[in-house]
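One file, input_14.tsv, is given below (TSV, C-alpha atoms and all ligand atoms).
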```tsv
chain	number	residue	atom	x	y	z
L	79	MET	CA	17.00	-19.49	-14.00
L	80	ARG	CA	13.75	-17.53	-13.86
L	81	VAL	CA	12.93	-15.28	-10.92
L	82	LEU	CA	9.32	-14.18	-10.64
L	83	PHE	CA	8.43	-10.76	-9.26
L	84	ASN	CA	5.75	-12.37	-7.10
L	85	ASP	CA	4.70	-16.02	-6.83
L	86	LEU	CA	1.12	-16.37	-5.68
L	87	ASN	CA	0.79	-19.92	-7.01
L	88	SER	CA	3.56	-21.24	-4.79
L	89	LEU	CA	2.19	-19.34	-1.81
L	90	HIS	CA	-1.30	-20.76	-2.34
L	91	ASP	CA	0.13	-24.24	-2.78
L	92	THR	CA	1.35	-24.09	0.84
L	93	ILE	CA	-2.26	-23.67	2.09
L	94	LYS	CA	-4.12	-25.41	-0.73
L	95	ASP	CA	-6.02	-27.86	1.48
L	96	GLU	CA	-7.17	-25.15	3.88
L	97	LEU	CA	-8.29	-22.96	0.98
L	98	THR	CA	-10.15	-25.78	-0.76
L	99	GLN	CA	-11.96	-26.78	2.41
L	100	SER	CA	-13.00	-23.30	3.46
L	101	LEU	CA	-14.04	-22.24	-0.03
L	102	SER	CA	-16.20	-25.33	-0.48
L	103	ARG	CA	-17.86	-24.44	2.83
L	104	VAL	CA	-18.88	-21.08	1.30
L	105	ILE	CA	-20.04	-22.67	-1.94
L	106	ASN	CA	-22.14	-25.19	-0.01
L	107	SER	CA	-23.62	-22.48	2.23
L	108	GLY	CA	-25.12	-20.70	-0.78
L	109	ILE	CA	-24.46	-17.36	0.94
L	110	PHE	CA	-22.29	-15.06	-1.17
L	111	LEU	CA	-22.91	-11.61	0.32
L	112	ARG	CA	-23.66	-10.26	3.81
L	113	GLY	CA	-22.81	-13.59	5.42
L	114	PRO	CA	-20.76	-15.08	8.25
L	115	GLU	CA	-17.36	-14.95	6.51
L	116	VAL	CA	-17.51	-11.17	6.13
L	117	LYS	CA	-18.73	-10.73	9.70
L	118	TYR	CA	-15.92	-12.92	10.99
L	119	PHE	CA	-13.35	-11.13	8.86
L	120	GLU	CA	-14.37	-7.71	10.15
L	121	GLU	CA	-14.03	-8.83	13.78
L	122	ASN	CA	-10.83	-10.69	13.11
L	123	PHE	CA	-9.10	-7.99	11.12
L	124	ALA	CA	-10.05	-5.22	13.56
L	125	SER	CA	-8.36	-7.04	16.41
L	126	HIS	CA	-5.49	-8.11	14.20
L	127	ALA	CA	-4.88	-4.46	13.32
L	128	ASP	CA	-5.11	-3.50	17.04
L	129	SER	CA	-8.14	-1.39	16.15
L	130	ARG	CA	-11.76	-1.54	17.35
L	131	PHE	CA	-13.83	-1.58	14.18
L	132	CYS	CA	-13.37	-2.81	10.64
L	133	VAL	CA	-15.70	-1.91	7.78
L	134	SER	CA	-15.15	-4.18	4.80
L	135	CYS	CA	-15.71	-2.98	1.25
L	136	ALA	CA	-15.08	-3.86	-2.39
L	137	ASN	CA	-11.46	-2.65	-2.75
L	138	GLY	CA	-8.76	-0.42	-1.32
L	139	THR	CA	-9.79	2.54	-3.44
L	140	ASP	CA	-13.42	2.53	-2.31
L	141	SER	CA	-12.15	2.30	1.28
L	142	LEU	CA	-10.42	5.69	0.92
L	143	TYR	CA	-13.48	7.20	-0.74
L	144	ILE	CA	-15.86	5.76	1.85
L	145	ALA	CA	-13.71	7.08	4.69
L	146	MET	CA	-13.50	10.56	3.20
L	147	ARG	CA	-17.21	10.82	2.40
L	148	SER	CA	-17.99	9.69	5.94
L	149	LEU	CA	-15.60	12.30	7.32
L	150	GLY	CA	-17.69	14.86	5.46
L	151	VAL	CA	-15.22	15.73	2.70
L	152	GLY	CA	-16.80	17.66	-0.14
L	153	PRO	CA	-16.47	20.58	-2.56
L	154	GLY	CA	-14.34	23.45	-1.29
L	155	ASP	CA	-12.18	21.17	0.86
L	156	GLU	CA	-8.50	20.45	0.30
L	157	VAL	CA	-6.74	17.20	1.18
L	158	ILE	CA	-2.94	16.82	1.33
L	159	VAL	CA	-1.46	13.63	-0.18
L	160	PRO	CA	2.09	12.51	-1.00
L	161	SER	CA	3.29	13.18	-4.55
L	162	HIS	CA	4.44	9.59	-4.95
L	163	SER	CA	1.85	6.81	-4.55
L	164	TRP	CA	-0.66	4.75	-6.47
L	165	ILE	CA	-3.35	6.97	-8.00
L	166	SER	CA	-6.06	5.73	-5.61
L	167	THR	CA	-4.63	8.01	-2.93
L	168	SER	CA	-5.31	11.14	-4.97
L	169	GLU	CA	-8.19	10.20	-7.26
L	170	THR	CA	-10.48	9.44	-4.31
L	171	VAL	CA	-9.94	12.99	-3.02
L	172	SER	CA	-11.29	14.31	-6.31
L	173	GLN	CA	-14.09	11.71	-6.32
L	174	ALA	CA	-15.17	13.07	-2.94
L	175	GLY	CA	-15.40	16.51	-4.56
L	176	ALA	CA	-12.36	18.02	-2.85
L	177	ARG	CA	-9.15	19.46	-4.26
L	178	VAL	CA	-6.06	17.28	-4.11
L	179	VAL	CA	-2.93	19.02	-2.80
L	180	PHE	CA	0.32	17.17	-3.42
L	181	CYS	CA	3.26	17.25	-1.03
L	182	ASP	CA	6.75	15.96	-1.87
L	183	ILE	CA	8.30	12.90	-0.20
L	184	THR	CA	11.42	12.37	1.89
L	185	SER	CA	14.56	11.11	0.16
L	186	ASP	CA	15.13	8.29	2.67
L	187	THR	CA	11.79	6.48	3.08
L	188	TYR	CA	9.90	7.98	0.08
L	189	THR	CA	6.90	8.77	2.30
L	190	ILE	CA	5.27	12.22	2.66
L	191	ASP	CA	7.76	14.80	3.98
L	192	PRO	CA	6.32	16.30	7.19
L	193	SER	CA	8.61	19.34	6.94
L	194	LEU	CA	6.78	20.37	3.74
L	195	ILE	CA	3.21	19.81	4.91
L	196	GLU	CA	2.64	23.04	6.85
L	197	GLU	CA	3.27	25.27	3.84
L	198	LYS	CA	0.49	23.35	2.02
L	199	VAL	CA	-2.12	23.99	4.71
L	200	THR	CA	-4.75	26.63	3.87
L	201	GLN	CA	-8.08	27.58	5.45
L	202	ASN	CA	-9.70	24.94	3.26
L	203	THR	CA	-7.47	22.05	4.30
L	204	VAL	CA	-9.44	19.32	6.09
L	205	GLY	CA	-7.11	16.33	6.16
L	206	ILE	CA	-3.89	14.52	5.30
L	207	ILE	CA	-3.53	11.06	3.73
L	208	PRO	CA	-0.07	9.65	4.50
L	209	VAL	CA	0.84	6.50	2.56
L	210	HIS	CA	3.05	3.86	4.19
L	211	LEU	CA	4.72	3.37	0.84
L	212	TYR	CA	6.35	0.05	-0.09
L	213	GLY	CA	5.66	-1.10	3.51
L	214	HIS	CA	7.63	1.53	5.44
L	215	PRO	CA	5.44	3.60	7.77
L	216	ALA	CA	5.31	7.35	7.18
L	217	ASP	CA	6.58	9.62	9.99
L	218	MET	CA	3.29	9.55	11.88
L	219	ASP	CA	4.45	11.45	14.97
L	220	SER	CA	5.37	14.54	12.97
L	221	ILE	CA	2.32	14.24	10.72
L	222	CYS	CA	-0.10	13.91	13.62
L	223	LYS	CA	1.46	16.91	15.40
L	224	ILE	CA	0.78	19.09	12.35
L	225	ALA	CA	-2.72	17.63	12.02
L	226	ASP	CA	-3.47	18.44	15.68
L	227	LYS	CA	-2.17	21.97	15.31
L	228	TYR	CA	-4.49	22.73	12.37
L	229	LYS	CA	-7.37	20.45	13.47
L	230	LEU	CA	-7.06	18.16	10.44
L	231	TRP	CA	-7.98	14.50	10.25
L	232	VAL	CA	-5.38	11.91	9.23
L	233	LEU	CA	-6.45	8.96	7.08
L	234	GLU	CA	-3.68	6.40	6.66
L	235	ASP	CA	-3.36	4.60	3.35
L	236	CYS	CA	-2.16	1.19	4.60
L	237	ALA	CA	-2.64	-0.63	1.28
L	238	GLN	CA	1.05	-1.64	1.20
L	239	SER	CA	1.70	-1.94	4.92
L	240	HIS	CA	-0.27	-4.74	6.61
L	241	GLN	CA	1.37	-5.38	10.00
L	242	ALA	CA	3.84	-2.49	9.74
L	243	ASP	CA	4.32	-0.55	12.96
L	244	ILE	CA	6.18	2.27	14.67
L	245	ASN	CA	7.61	1.30	18.05
L	246	GLY	CA	5.07	-1.51	18.25
L	247	LYS	CA	2.03	0.59	17.33
L	248	ARG	CA	0.40	-0.80	14.20
L	249	VAL	CA	-0.32	1.43	11.21
L	250	GLY	CA	-3.96	2.39	10.84
L	251	ASN	CA	-4.15	3.52	14.46
L	252	PHE	CA	-2.31	6.83	14.32
L	253	GLY	CA	-5.00	8.79	12.52
L	254	VAL	CA	-8.79	8.69	12.58
L	255	ALA	CA	-8.86	5.65	10.26
L	256	GLY	CA	-6.67	3.29	8.25
L	257	SER	CA	-7.51	2.10	4.74
L	258	PHE	CA	-6.42	-1.36	3.55
L	259	SER	CA	-6.38	-3.08	0.17
L	260	PHE	CA	-6.52	-6.84	-0.34
L	261	TYR	CA	-5.72	-6.75	-4.06
L	262	PRO	CA	-4.25	-10.22	-4.80
L	263	GLY	CA	-0.62	-9.05	-4.87
L	264	LYS	CA	-0.77	-7.10	-1.61
L	265	ASN	CA	0.84	-8.58	1.54
L	266	LEU	CA	-2.59	-9.97	2.41
L	267	GLY	CA	-4.42	-10.64	-0.85
L	268	ALA	CA	-7.86	-11.95	-1.82
L	269	PHE	CA	-8.77	-13.88	-4.97
L	270	GLY	CA	-10.04	-10.68	-6.55
L	271	ASP	CA	-10.74	-7.19	-5.23
L	272	ALA	CA	-11.37	-6.44	-1.56
L	273	GLY	CA	-10.62	-3.69	0.95
L	274	CYS	CA	-11.54	-2.30	4.35
L	275	VAL	CA	-11.20	0.62	6.74
L	276	VAL	CA	-10.27	0.24	10.40
L	277	THR	CA	-11.08	2.85	13.03
L	278	SER	CA	-11.50	3.11	16.76
L	279	SER	CA	-14.46	5.48	16.42
L	280	ARG	CA	-17.81	3.69	16.60
L	281	GLU	CA	-19.54	6.69	15.07
L	282	LEU	CA	-17.21	6.79	12.07
L	283	ALA	CA	-17.45	3.00	11.65
L	284	ASP	CA	-21.25	3.21	11.58
L	285	ASP	CA	-21.19	6.12	9.15
L	286	MET	CA	-18.81	4.27	6.83
L	287	ALA	CA	-20.79	1.02	6.96
L	288	ARG	CA	-23.98	2.94	6.24
L	289	PHE	CA	-22.45	4.84	3.32
L	290	ALA	CA	-20.97	1.66	1.79
L	291	ARG	CA	-24.30	-0.21	2.07
L	292	HIS	CA	-26.83	2.05	0.33
L	293	GLY	CA	-27.20	4.31	3.33
L	294	GLY	CA	-28.40	1.78	5.90
L	295	LEU	CA	-26.97	-0.61	8.46
L	296	THR	CA	-29.90	-2.97	8.08
L	297	LYS	CA	-31.65	-4.18	4.96
L	298	GLY	CA	-34.33	-1.72	3.86
L	299	GLU	CA	-32.96	1.19	5.88
L	300	HIS	CA	-31.80	4.11	3.71
L	301	LEU	CA	-31.03	7.06	5.97
L	302	ILE	CA	-28.83	8.62	3.31
L	303	GLU	CA	-27.92	7.89	-0.28
L	304	GLY	CA	-24.80	5.75	-0.24
L	305	ILE	CA	-22.98	3.47	-2.61
L	306	ASN	CA	-22.74	-0.28	-3.04
L	307	SER	CA	-19.27	-1.39	-2.01
L	308	ARG	CA	-19.17	-4.84	-0.47
L	309	MET	CA	-16.60	-7.51	0.22
L	310	ASP	CA	-18.12	-10.83	-0.84
L	311	GLU	CA	-18.10	-14.11	1.08
L	312	ILE	CA	-15.57	-15.79	-1.21
L	313	GLN	CA	-13.04	-12.99	-0.70
L	314	ALA	CA	-13.68	-12.84	3.04
L	315	CYS	CA	-13.21	-16.61	3.23
L	316	VAL	CA	-9.87	-16.41	1.42
L	317	LEU	CA	-8.75	-13.61	3.74
L	318	ASN	CA	-9.93	-15.49	6.85
L	319	THR	CA	-7.91	-18.50	5.71
L	320	LYS	CA	-4.81	-16.45	4.97
L	321	LEU	CA	-4.82	-14.08	7.94
L	322	PRO	CA	-3.36	-16.58	10.46
L	323	HIS	CA	-0.36	-16.99	8.13
L	324	LEU	CA	0.33	-13.30	7.62
L	325	SER	CA	2.83	-12.90	10.47
L	326	SER	CA	5.05	-15.68	9.22
L	327	TRP	CA	4.77	-14.41	5.64
L	328	THR	CA	5.78	-10.95	6.86
L	329	ASP	CA	8.78	-12.45	8.69
L	330	LEU	CA	9.83	-14.15	5.46
L	331	ARG	CA	9.65	-10.83	3.60
L	332	ILE	CA	11.81	-9.22	6.29
L	333	ARG	CA	14.31	-12.06	5.98
L	334	ALA	CA	14.39	-11.73	2.19
L	335	ALA	CA	15.00	-7.98	2.50
L	336	SER	CA	17.94	-8.52	4.81
L	337	ILE	CA	19.47	-11.00	2.36
L	338	TYR	CA	19.10	-8.43	-0.43
L	339	ASN	CA	20.70	-5.78	1.82
L	340	ASN	CA	23.74	-8.01	2.35
L	341	GLU	CA	24.06	-9.19	-1.23
L	342	LEU	CA	23.72	-5.73	-2.77
L	343	LEU	CA	26.08	-4.05	-0.32
L	344	GLY	CA	28.90	-2.14	-1.93
L	345	ILE	CA	27.38	-1.66	-5.39
L	346	ASP	CA	27.73	2.11	-5.51
L	347	LYS	CA	25.33	2.64	-8.41
L	348	ILE	CA	22.48	1.30	-6.29
L	349	THR	CA	20.85	3.01	-3.31
L	350	LEU	CA	19.41	0.47	-0.89
L	351	PRO	CA	16.16	1.04	1.00
L	352	THR	CA	16.33	2.75	4.40
L	353	VAL	CA	14.55	1.57	7.53
L	354	LEU	CA	14.28	4.21	10.25
L	355	PRO	CA	14.98	3.09	13.83
L	356	GLY	CA	11.79	1.97	15.60
L	357	PHE	CA	9.96	1.51	12.29
L	358	LYS	CA	8.83	-1.93	11.15
L	359	HIS	CA	9.07	-2.19	7.35
L	360	VAL	CA	6.95	-5.05	5.96
L	361	TRP	CA	8.51	-5.03	2.48
L	362	HIS	CA	5.47	-5.04	0.24
L	363	LEU	CA	8.10	-4.00	-2.27
L	364	TYR	CA	11.89	-4.05	-2.17
L	365	VAL	CA	12.71	-0.83	-4.00
L	366	VAL	CA	16.20	0.36	-4.89
L	367	LEU	CA	17.31	3.51	-6.68
L	368	ALA	CA	19.39	2.42	-9.64
L	369	GLU	CA	21.58	4.43	-11.99
L	370	HIS	CA	20.89	3.50	-15.63
L	371	ARG	CA	17.65	2.01	-14.32
L	372	ASP	CA	15.97	1.22	-17.64
L	373	GLU	CA	19.08	-0.49	-19.01
L	374	LEU	CA	19.41	-2.54	-15.82
L	375	MET	CA	15.75	-3.53	-15.96
L	376	GLU	CA	16.17	-4.70	-19.54
L	377	TYR	CA	19.32	-6.64	-18.64
L	378	LEU	CA	17.56	-8.39	-15.74
L	379	PHE	CA	14.55	-9.16	-17.93
L	380	LYS	CA	16.78	-10.73	-20.59
L	381	ASN	CA	18.26	-12.89	-17.85
L	382	GLY	CA	14.87	-14.10	-16.65
L	383	VAL	CA	14.37	-11.73	-13.72
L	384	GLU	CA	11.08	-9.86	-13.47
L	385	THR	CA	11.19	-6.38	-11.96
L	386	ASN	CA	8.74	-3.49	-11.76
L	387	ILE	CA	8.68	0.28	-11.57
L	388	ASN	CA	6.52	1.65	-8.77
L	389	TYR	CA	5.80	4.21	-10.04
L	390	PRO	CA	7.23	5.43	-13.37
L	391	ILE	CA	5.50	8.83	-13.14
L	392	SER	CA	4.80	10.57	-9.84
L	393	LEU	CA	1.18	11.61	-9.31
L	394	PRO	CA	1.47	15.37	-10.06
L	395	PHE	CA	3.03	14.64	-13.47
L	396	LEU	CA	0.37	12.19	-14.65
L	397	PRO	CA	-1.81	13.29	-17.57
L	398	ALA	CA	-4.73	13.12	-15.10
L	399	TYR	CA	-3.27	16.18	-13.33
L	400	SER	CA	-2.02	18.11	-16.37
L	401	ARG	CA	-4.53	20.83	-15.42
L	402	TYR	CA	-2.14	21.91	-12.66
L	403	ALA	CA	0.84	22.15	-15.08
L	404	PHE	CA	3.30	21.07	-12.41
L	405	GLN	CA	7.04	21.26	-13.13
L	406	PRO	CA	9.75	18.88	-11.91
L	407	TYR	CA	11.01	21.53	-9.44
L	408	ASP	CA	7.60	21.55	-7.73
L	409	PHE	CA	8.22	18.00	-6.44
L	410	PRO	CA	11.94	17.40	-7.01
L	411	VAL	CA	12.36	14.40	-4.71
L	412	SER	CA	9.53	12.35	-6.16
L	413	PHE	CA	10.38	13.49	-9.69
L	414	ASN	CA	13.96	12.18	-9.37
L	415	HIS	CA	12.80	9.14	-7.44
L	416	SER	CA	10.48	8.04	-10.24
L	417	LYS	CA	13.35	8.18	-12.73
L	418	ASN	CA	15.47	5.71	-10.74
L	419	VAL	CA	13.15	3.39	-8.78
L	420	LEU	CA	13.30	-0.29	-9.44
L	421	SER	CA	11.31	-2.90	-7.50
L	422	LEU	CA	13.17	-6.22	-7.26
L	423	PRO	CA	11.43	-9.60	-6.92
L	424	MET	CA	9.93	-9.82	-3.42
L	425	HIS	CA	7.50	-12.31	-1.91
L	426	PRO	CA	7.46	-14.60	1.14
L	427	LEU	CA	8.80	-17.67	-0.70
L	428	ILE	CA	11.65	-16.10	-2.63
L	429	SER	CA	14.76	-18.20	-1.94
L	430	SER	CA	18.14	-16.91	-0.87
L	431	GLN	CA	19.53	-18.48	-4.08
L	432	ASP	CA	17.10	-16.35	-6.11
L	433	ILE	CA	18.14	-13.23	-4.23
L	434	LYS	CA	21.84	-14.01	-4.68
L	435	HIS	CA	21.25	-14.64	-8.38
L	436	VAL	CA	19.46	-11.30	-8.85
L	437	SER	CA	22.15	-9.49	-6.84
L	438	ASN	CA	24.97	-11.08	-8.82
L	439	LEU	CA	23.32	-10.07	-12.08
L	440	ILE	CA	23.05	-6.49	-10.86
L	441	ARG	CA	26.72	-6.47	-9.79
L	442	HIS	CA	27.73	-7.96	-13.13
L	443	PHE	CA	25.68	-5.39	-15.04
L	444	TYR	CA	27.51	-2.45	-13.48
L	445	GLN	CA	30.93	-4.11	-13.67
L	446	THR	CA	30.68	-4.88	-17.38
L	447	ARG	CA	28.87	-1.64	-18.21
L	448	SER	CA	31.78	0.48	-16.98
L	449	ILE	CA	34.40	-1.44	-18.94
G	501	LIG	C1	-3.16	-0.96	-4.01
G	501	LIG	C2	-3.25	0.41	-3.47
G	501	LIG	C3	-4.49	1.08	-3.31
G	501	LIG	C4	-5.78	0.59	-3.90
G	501	LIG	O1	-6.15	-0.64	-3.70
G	501	LIG	P1	-7.18	-1.42	-4.68
G	501	LIG	O2	-7.65	-2.50	-3.78
G	501	LIG	O3	-6.40	-1.90	-5.85
G	501	LIG	O4	-8.26	-0.47	-5.04
G	501	LIG	C5	-4.51	2.30	-2.69
G	501	LIG	N1	-3.39	2.90	-2.27
G	501	LIG	C6	-2.17	2.32	-2.45
G	501	LIG	C7	-0.95	3.03	-1.95
G	501	LIG	C8	-2.07	1.07	-3.05
G	501	LIG	O5	-0.86	0.52	-3.22
```
Spit out the file's structure as structure tokens when you get a sec.
Amino acid sequence: MRVLFNDLNSLHDTIKDELTQSLSRVINSGIFLRGPEVKYFEENFASHADSRFCVSCANGTDSLYIAMRSLGVGPGDEVIVPSHSWISTSETVSQAGARVVFCDITSDTYTIDPSLIEEKVTQNTVGIIPVHLYGHPADMDSICKIADKYKLWVLEDCAQSHQADINGKRVGNFGVAGSFSFYPGKNLGAFGDAGCVVTSSRELADDMARFARHGGLTKGEHLIEGINSRMDEIQACVLNTKLPHLSSWTDLRIRAASIYNNELLGIDKITLPTVLPGFKHVWHLYVVLAEHRDELMEYLFKNGVETNINYPISLPFLPAYSRYAFQPYDFPVSFNHSKNVLSLPMHPLISSQDIKHVSNLIRHFYQTRSI
């Protein structure tokens, strides 16, 4: 029995006719950039995210960069980011010319630890980028309180958290803007790269759109020097076709997570994911902390189960940041976390049999290992 980590083919099979029809509409239109699909997506996704404006762009890394450049980030500034995330969260701070300041994560949800943020704030701090990691929202109330106190902006990295919320308020709306990725494997994925930023500020939306489109909102206008970061019509069409299905796909992820929680209960070498009360976790990844993680991963792989490590090295300890010479005790929670994290197969169509199979293998691994 093989259990895939993700299964995009099966997911696309369930909407194959819709996809084929809408994509052939784009092909026949002959419009591949700056067309109706992108316009429709921006309107649709803004309202879907309970926001006012959506600026589409080429990927979920550009979206962070575009937002920061439009917020005026530049040399001399400092931006606080969690020490455990995908590198986009930190590398875009440096791209914008600012200094990246890492902050450790909490040991329950693995998102930025608000109780450690204040000690990182200096006169040069301009903003905070919380990441709703694995699909669990960061503690936005506490983060926004600190941001208000020091007059900092908050840019949410929502790349793993489409449709996540806190007490019914969707992520992307707590700070000044929310950045999304539509990388194929994300909870809402394109057939290539795509991303966007949502915001309720018209001024920021205009600034971001201008920056992402060579400095002008209309063709030929170049008020500033910008960049070229566009979502194309094919990607927008795929996203428009998929968006109406996202709620039910999210429900299926939530159901899969609860089956895992039941099946893995009582294995004391495994720490199950935590969901804080009032927080909606959308399970981009189902991540456990596992003792003897690498051995377990190998055992699962040999038995046909694909797993992943997100992420094997926390950001401060990557070679890219060796200039700071950080030590494990600088970010102890994320350092230990990265040694034990294991992402189990998770996608909307994973069956309860698959989940039971994976869970039984894990139980068996620890039982036989200790003999
Ligand atoms: C995927 C991801 C991104 C970047 O998205 P791309 O579309 O691949 O550029 C940014 N931040 C986080 C936390 C991500 O998981």
Q) Which residues, written as a list in words, have at least one atom at most 8 Å from Ser166 (chain L), with only C-alpha atoms counted and residues fewer than 6 positions away on the same chain left out? A) Gly138, Thr139 and Leu142 of chain L
(Q) To one decimal place in Å, what is the distance between CA of Asn339 (chain L) and CA of Val249 (chain L)? (A)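 Computed distance, CA of Asn339 (chain L) to CA of Val249 (chain L), equals 24.1 Å.
The space between CA of Ala242 (chain L) and CA of Leu317 (chain L) spans 17.8 Å.
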Could you please extract the residues within 6 Å of ligand LIG 501 (chain G), counting all atoms listed in the file, and hand them back as a CSV table (one decimal) with C-alpha atoms, in the coordinates of the input?
```
chain,number,residue,atom,x,y,z
L,137,ASN,CA,-11.5,-2.6,-2.8
L,138,GLY,CA,-8.8,-0.4,-1.3
L,139,THR,CA,-9.8,2.5,-3.4
L,163,SER,CA,1.8,6.8,-4.6
L,164,TRP,CA,-0.7,4.8,-6.5
L,166,SER,CA,-6.1,5.7,-5.6
L,167,THR,CA,-4.6,8.0,-2.9
L,209,VAL,CA,0.8,6.5,2.6
L,235,ASP,CA,-3.4,4.6,3.4
L,237,ALA,CA,-2.6,-0.6,1.3
L,238,GLN,CA,1.0,-1.6,1.2
L,259,SER,CA,-6.4,-3.1,0.2
L,260,PHE,CA,-6.5,-6.8,-0.3
L,261,TYR,CA,-5.7,-6.8,-4.1
L,271,ASP,CA,-10.7,-7.2,-5.2
L,272,ALA,CA,-11.4,-6.4,-1.6
L,273,GLY,CA,-10.6,-3.7,1.0
```
Q) Which residue, L:Met424, L:Val159, L:Leu343, L:Ile224, has the smallest gap to Ser392 (chain L) when you use all atoms listed in the file? A)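 Closest candidate: L:Val159.
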Cut-off 9 Å around (-0.6, 22.1, 12.6) with all atoms listed in the file: residues as a compact mmCIF listing (two decimals) with C-alpha atoms, keeping the file's coordinate frame:
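This is the output file out.txt:
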```txt
# COMPACT_ATOMS: atom_id res chain seq x y z
CA ILE L 195 3.21 19.81 4.91
CA GLU L 196 2.64 23.04 6.85
CA VAL L 199 -2.12 23.99 4.71
CA ILE L 221 2.32 14.24 10.72
CA CYS L 222 -0.10 13.91 13.62
CA LYS L 223 1.46 16.91 15.40
CA ILE L 224 0.78 19.09 12.35
CA ALA L 225 -2.72 17.63 12.02
CA ASP L 226 -3.47 18.44 15.68
CA LYS L 227 -2.17 21.97 15.31
CA TYR L 228 -4.49 22.73 12.37
CA LYS L 229 -7.37 20.45 13.47
CA LEU L 230 -7.06 18.16 10.44
```
